[in-house]
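Below: one structure, written as structure tokens.
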Amino acid sequence: MEEHLTVGRVAELAGVTVRTLHHYDEIGLLRPSARTVGGYRAYAAGDVERLREVLAYRRLGFGLREIADLVDDPDTDAVAHLCRLRGLLVEQRDRSAAMVTAIDRELEARAMGIPTTPEEQLRVFGPRLYDAIGSAYPATRRTEPRIAARIHQALGDARTVLNVGAGTGSYEPLDREVTAVEPSAVMRAQRPAGAAPCVAAAAESLPFEDQSFDAAMAVSTVHHWPDPVAGLREMCRVARRVVVFTYDADDTGWRRRFWLTRDYLPEFAQLLVGWPSLADLTRAIGGRAQPVLVPWDCADGFFEAHWRRPEAYLDERVRRAVSVWTRVGPDAERRAVTRLGDDLASGRWAERNRDLVALDAAELGLRLLISGT
Ligand SMILES: C[S@@+](CC[C@H](N)C(=O)[O-])C[C@H]1O[C@@H](n2cnc3c(N)ncnc32)[C@H](O)[C@@H]1O
């Protein structure tokens with residue numbers, strides 16, 4: 001016979017009151033599947049699973065009615081709920097990290113007597129990480145022509161292209177009909193005049209008909225999506241070919257090779273915990289992955305870009321345009337920058353990394369995923 005937990009035990013384990021569980025029962029949100037002989041509510045494993053989903057959505061700020069719709073959705077099983085919850089929680093954690101960084105900067109500015117504008121004060125409450133940090137993006141982030149050439153070649157003869165997580169428009173081919181999708185208002189606002197039209201939407205729910213584009217591309221964005229596999233499946237739904245520029249989160253080799261994460265920012269590994277494997281991502285688009293080397297003078301200032309130009313990481317503008325530095329939090333950032341600065345000054349960095357000077361390009365885990373190949 002299936003084991004059941006009493007209402008008191010469930011309340012104790014979940015840190016809620018028995019009254020709350022009674023209320024969930026009364027409104028039909030969580031009906032325990034059995035009663036004890038004495039008539040008390042008794043919860044089976046399936047009831048507990050549903051309670052965990054209810055409580056997690058509650059903690060994320062959803063209302064009880066919205067939660068009822070979410071947990072009753074017949075198309076969403078327990079694993080899909082866990083994936084979605086994980087994505088939402090990571091987004092919330094990133095937003096908290098962005099707020100800590102913004103508060104620290106405001107404290108510093110106040111200490112120096114510099115006033116902050118109302119826009120700066122409110123930006124951090126914006127709905128997404130890139131609404132908080134996106135204004136620093138264009139300073140160092142732009143198309144790297146050698147990587148663009150690989151992406152454009154992978155798009156094949158596609159005439160219509162959807163660019164998902166398009167940001168400010170880097171890597172958009174100029175010789176095709178491009179439509180961009182970007183959820184952050186701050187990023188959309190920074191697209192240059194004449195850039196492709198941009199729709200406010202997220203990858204996981206693309207507002208387009210099935211197979212309405214020849215190709216869809218996503219560059220340096222998949223690791224920000226709350227549900228990457230769902231987003232990639234959406235891209236496959238709306239386009240005949242999918243091209244994704246991302247990195248291999250499982251390959252610990254490149255993290256050991258990259259001195260920045262190995263010697264100064266070990267906290268980076270935390271950001272990858274639970275991230276879908278490269279195999280999951282390629283499977284989602286039914287394709288394969290090709291390595292992309294990072295040239296020593298890479299024009300796009302992404303996290304790994306300055307592997308042969310270490311002084312760049314001491315520059316606040318370089319760091320603010322890369323979300324990793326906000327996501328690891330201000331303590332880890334400060335520690336890494338101080339230690340790197342000391343090692344550059346003492347010659348220790350040069351001593352340890354002398355082999356790099358001879359390299360023109362480095363394999364640091366970046367990958368191009370192409371569907372149907
Ligand atoms: C590092 S930027 C890359 C922008 C651009 N593709 C580039 O290469 O410069 C990541 C972008 O992903 C966007 N993003 C975050 N979550 C998203 C989601 N769920 N769907 C689509 N884009 C998302 C962010 O707002 C941000 O503009």
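Identifiers in the structure tokens: chain A, B, ... in order shown; residue index from 1 per chain; ligand index from 1 in order shown.
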For ligand 1, list the contacting residues at 8 Å or closer, counting only C-alpha atoms and all ligand atoms, as a short mmCIF file (atom, residue, chain, number, x, y, z; two decimals) with C-alpha atoms, in the first residue's frame.
```
data_model
loop_
_atom_site.label_atom_id
_atom_site.label_comp_id
_atom_site.auth_asym_id
_atom_site.auth_seq_id
_atom_site.Cartn_x
_atom_site.Cartn_y
_atom_site.Cartn_z
CA ARG A 128 15.30 41.26 -16.28
CA LEU A 129 19.04 41.02 -15.72
CA TYR A 130 19.75 42.82 -19.00
CA ASP A 131 17.44 45.68 -18.03
CA GLY A 134 22.39 46.20 -20.44
CA ARG A 141 30.42 44.21 -27.12
CA ARG A 142 30.34 44.16 -30.90
CA THR A 143 30.51 41.78 -33.86
CA ASN A 163 17.81 36.47 -34.40
CA VAL A 164 16.71 35.33 -30.93
CA GLY A 165 18.12 37.11 -27.85
CA ALA A 166 19.34 39.68 -30.35
CA GLY A 167 20.53 42.33 -27.91
CA THR A 168 21.91 45.36 -29.69
CA GLY A 169 22.12 43.55 -33.05
CA SER A 170 25.67 42.17 -33.17
CA TYR A 171 26.20 39.36 -35.71
CA VAL A 181 13.59 39.03 -30.83
CA GLU A 182 14.77 40.60 -27.58
CA PRO A 183 12.97 40.62 -24.17
CA SER A 184 14.95 43.46 -22.54
CA MET A 187 18.76 46.21 -24.99
CA ARG A 188 16.10 46.95 -27.59
CA ALA A 201 9.49 38.38 -26.72
CA ALA A 202 11.43 35.52 -25.12
CA ALA A 203 12.85 32.43 -26.82
CA GLU A 204 10.59 30.06 -24.90
CA ALA A 218 21.01 32.75 -31.21
CA VAL A 219 24.35 34.25 -30.22
CA SER A 220 25.75 34.34 -26.66
CA THR A 221 22.25 34.21 -25.22
CA VAL A 222 21.09 30.62 -24.60
CA HIS A 224 20.46 33.35 -20.07
CA TRP A 225 17.22 31.62 -20.94
CA PRO A 226 15.18 30.23 -18.04
CA ASP A 227 14.42 27.12 -20.13
CA PRO A 228 17.09 26.70 -22.85
CA GLY A 231 13.69 27.92 -26.30
CA PHE A 302 32.68 38.47 -24.12
CA VAL A 322 29.77 40.72 -19.27
CA SER A 323 27.02 39.28 -17.07
#
```
A:Ala279 surroundings by only C-alpha atoms, 9 Å radius, close-in-sequence under 5 positions cut, as a ChimeraX atom specification: /A:284,288-289
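Between atom CA of A:Pro310 and atom CA of A:Pro295 there is a distance of 14.0 Å.
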task: Please identify all polymer residues within 8 Å of A:Trp296, counting only C-alpha atoms, omitting same-chain residues fewer than 6 positions from it, and present them as a list in words.
output: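 That gives Ala305, His306, Trp307, Arg308, Arg309, Leu359, Asp360, Ala361 and Ala362 of chain A.
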Write out as a short mmCIF file (atom, residue, chain, number, x, y, z; two decimals) with C-alpha atoms, in the first residue's frame all residues of stretch 129-336 of chain A that DSSP puts in alpha helix (DSSP H) for this structure's backbone.
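The new file result-v7.cif reads:
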```cif
data_model
loop_
_atom_site.label_atom_id
_atom_site.label_comp_id
_atom_site.auth_asym_id
_atom_site.auth_seq_id
_atom_site.Cartn_x
_atom_site.Cartn_y
_atom_site.Cartn_z
CA LEU A 129 19.04 41.02 -15.72
CA TYR A 130 19.75 42.82 -19.00
CA ASP A 131 17.44 45.68 -18.03
CA ALA A 132 19.74 46.16 -15.04
CA ILE A 133 23.13 45.69 -16.72
CA PRO A 145 34.11 39.39 -37.88
CA ARG A 146 35.79 35.94 -37.80
CA ILE A 147 33.04 34.49 -35.61
CA ALA A 148 30.38 36.29 -37.69
CA ALA A 149 31.75 34.65 -40.84
CA ARG A 150 31.29 31.19 -39.25
CA ILE A 151 27.72 32.02 -38.16
CA HIS A 152 26.77 33.46 -41.55
CA GLN A 153 28.23 30.46 -43.35
CA ALA A 154 26.20 28.14 -41.08
CA ALA A 185 13.67 46.98 -23.21
CA VAL A 186 17.11 48.40 -22.35
CA MET A 187 18.76 46.21 -24.99
CA ARG A 188 16.10 46.95 -27.59
CA ALA A 189 16.50 50.67 -27.01
CA PRO A 228 17.09 26.70 -22.85
CA VAL A 229 15.79 23.41 -24.25
CA ALA A 230 12.24 24.81 -24.58
CA GLY A 231 13.69 27.92 -26.30
CA LEU A 232 15.70 25.85 -28.79
CA ARG A 233 12.65 23.72 -29.59
CA GLU A 234 10.73 26.94 -30.27
CA MET A 235 13.47 28.04 -32.68
CA CYS A 236 13.15 24.68 -34.49
CA ARG A 237 9.37 25.17 -34.64
CA VAL A 238 9.57 28.56 -36.34
CA THR A 252 35.96 21.13 -17.48
CA GLY A 253 39.13 21.05 -19.62
CA TRP A 254 38.67 24.57 -20.96
CA ARG A 255 37.97 25.93 -17.49
CA ARG A 256 41.26 24.47 -16.33
CA ARG A 257 42.96 25.90 -19.42
CA TRP A 259 43.57 31.06 -16.29
CA PHE A 268 32.34 30.75 -12.18
CA ALA A 269 31.83 26.97 -11.82
CA GLN A 270 28.75 27.65 -9.64
CA LEU A 271 27.04 29.42 -12.54
CA LEU A 272 27.21 26.23 -14.61
CA LEU A 278 26.09 20.37 -24.81
CA ALA A 279 24.56 17.00 -25.76
CA ASP A 280 21.14 18.20 -24.44
CA LEU A 281 21.41 21.43 -26.44
CA THR A 282 22.49 19.75 -29.69
CA ARG A 283 19.79 17.10 -29.23
CA ALA A 284 17.17 19.84 -28.79
CA ILE A 285 17.97 21.15 -32.28
CA GLU A 316 35.39 48.13 -15.02
CA ARG A 317 33.84 48.83 -18.46
CA VAL A 318 34.99 45.44 -19.78
CA ARG A 319 33.54 43.64 -16.75
CA ARG A 320 30.22 45.52 -16.71
CA SER A 323 27.02 39.28 -17.07
CA VAL A 324 29.32 36.72 -15.40
CA TRP A 325 30.85 39.47 -13.25
CA THR A 326 27.46 40.54 -11.95
CA ARG A 327 26.25 36.99 -11.49
CA PRO A 330 30.65 41.77 -5.88
CA ASP A 331 32.83 39.89 -3.35
CA ALA A 332 34.07 37.31 -5.87
CA GLU A 333 34.59 40.08 -8.45
CA ARG A 334 36.62 42.22 -6.05
CA ARG A 335 38.76 39.26 -4.96
CA ALA A 336 39.48 38.21 -8.56
#
```
field: Surrounding residues of stretch 49-57 of chain A excluding itself and chain neighbours under 4 positions, 8 Å, only C-alpha atoms, as a list in words
entry: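 These residues fall inside the cut-off: Leu30, Ala45, Gly61, Phe62, Ile67, Val71, Ala78, His81, Leu82 and Leu85 of chain A.
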Write the residues of the selection above to a file with N, CA and C atoms, as a PDB file, in the first residue's frame.
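New file result-v5.pdb:
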```pdb
ATOM      1  N   LEU A  30      -4.634  21.819  -3.742  1.00  0.00           N
ATOM      2  CA  LEU A  30      -3.922  20.591  -3.369  1.00  0.00           C
ATOM      3  C   LEU A  30      -4.852  19.726  -2.525  1.00  0.00           C
ATOM      4  N   ALA A  45       2.823  10.402  -2.215  1.00  0.00           N
ATOM      5  CA  ALA A  45       4.018  10.985  -2.866  1.00  0.00           C
ATOM      6  C   ALA A  45       3.629  12.000  -3.945  1.00  0.00           C
ATOM      7  N   GLY A  61       6.611  34.284  -6.179  1.00  0.00           N
ATOM      8  CA  GLY A  61       5.705  35.428  -6.238  1.00  0.00           C
ATOM      9  C   GLY A  61       4.440  35.206  -7.054  1.00  0.00           C
ATOM     10  N   PHE A  62       4.184  33.989  -7.526  1.00  0.00           N
ATOM     11  CA  PHE A  62       2.954  33.740  -8.289  1.00  0.00           C
ATOM     12  C   PHE A  62       1.753  33.737  -7.349  1.00  0.00           C
ATOM     13  N   ILE A  67      -0.979  29.793  -9.974  1.00  0.00           N
ATOM     14  CA  ILE A  67      -0.317  28.519  -9.648  1.00  0.00           C
ATOM     15  C   ILE A  67      -1.235  27.360 -10.023  1.00  0.00           C
ATOM     16  N   VAL A  71       0.039  24.305 -12.330  1.00  0.00           N
ATOM     17  CA  VAL A  71       0.204  22.903 -11.906  1.00  0.00           C
ATOM     18  C   VAL A  71      -0.858  21.985 -12.508  1.00  0.00           C
ATOM     19  N   ALA A  78       6.327  16.587 -14.154  1.00  0.00           N
ATOM     20  CA  ALA A  78       7.135  17.016 -13.002  1.00  0.00           C
ATOM     21  C   ALA A  78       8.506  17.525 -13.445  1.00  0.00           C
ATOM     22  N   HIS A  81       8.213  20.953 -14.875  1.00  0.00           N
ATOM     23  CA  HIS A  81       8.034  21.949 -13.804  1.00  0.00           C
ATOM     24  C   HIS A  81       9.371  22.256 -13.127  1.00  0.00           C
ATOM     25  N   LEU A  82      10.154  21.191 -12.862  1.00  0.00           N
ATOM     26  CA  LEU A  82      11.442  21.413 -12.190  1.00  0.00           C
ATOM     27  C   LEU A  82      12.354  22.270 -13.057  1.00  0.00           C
ATOM     28  N   LEU A  85      11.033  25.820 -12.943  1.00  0.00           N
ATOM     29  CA  LEU A  85      11.284  26.441 -11.635  1.00  0.00           C
ATOM     30  C   LEU A  85      12.759  26.801 -11.489  1.00  0.00           C
TER      31      LEU A  85
END
```
message: Using DSSP assignments from the backbone, pull out every residue in stretch 163-273 of chain A that falls under strand (DSSP E) and give it to me as a PyMOL selection string.
response: chain A and resi 163-164+177-181+198-199+213-219+239-247
For A:Asp250, the nearest of the candidates A:Ala196, A:Ala136, A:Leu366, A:Val292, counting only C-alpha atoms: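 Nearest candidate to A:Asp250 out of A:Ala196, A:Ala136, A:Leu366, A:Val292: A:Leu366.
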task: For atom CA of A:Glu267 and atom CA of A:Val337, quote the distance in Å rounded to one decimal.
output: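 These atoms are spaced 13.1 Å apart.
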message: Ranking A:Leu369, A:Leu314, A:Val243, A:Leu13 by minimum distance to A:Gly156 and counting only C-alpha atoms, which one comes first?
response: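 Under the stated criterion, the closest residue is A:Val243.
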Length of the atom CA of A:Gly287 to atom CA of A:Phe213 vector [Å]: 17.8 Å
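Across A:Pro74, A:Gly15, A:Pro197, A:Gly63, the tightest approach to A:Leu29 is made by A:Gly63 when counting only C-alpha atoms.
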- prompt: With distances taken over only C-alpha atoms, which of A:Asp69, A:Glu209, A:Asp343, A:Asp214 is nearest to A:Glu177?
  reply: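 Closest residue, counting only C-alpha atoms: A:Asp214.
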message: Env of A:His22: 9 Å cut, atoms = only C-alpha atoms, seq-sep filter 5 positions within chain, self excluded. Answer as a list in words.
response: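 Neighbouring residues, sequence-local ones excluded: Val7, Thr17, Ile27, Leu30, Arg31 and Arg41 of chain A.
Closest approach to A:Gly365 from the set A:Asp248, A:Glu304, A:Asp47, A:Glu172 is made by A:Asp248, with distances taken over only C-alpha atoms.
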field: Distance criterion (only C-alpha atoms): nearest to A:Asp251 out of A:Ala200, A:Leu364, A:Thr179, A:Arg95
entry: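 Checking each of A:Ala200, A:Leu364, A:Thr179, A:Arg95 against A:Asp251, counting only C-alpha atoms, the winner is A:Leu364.
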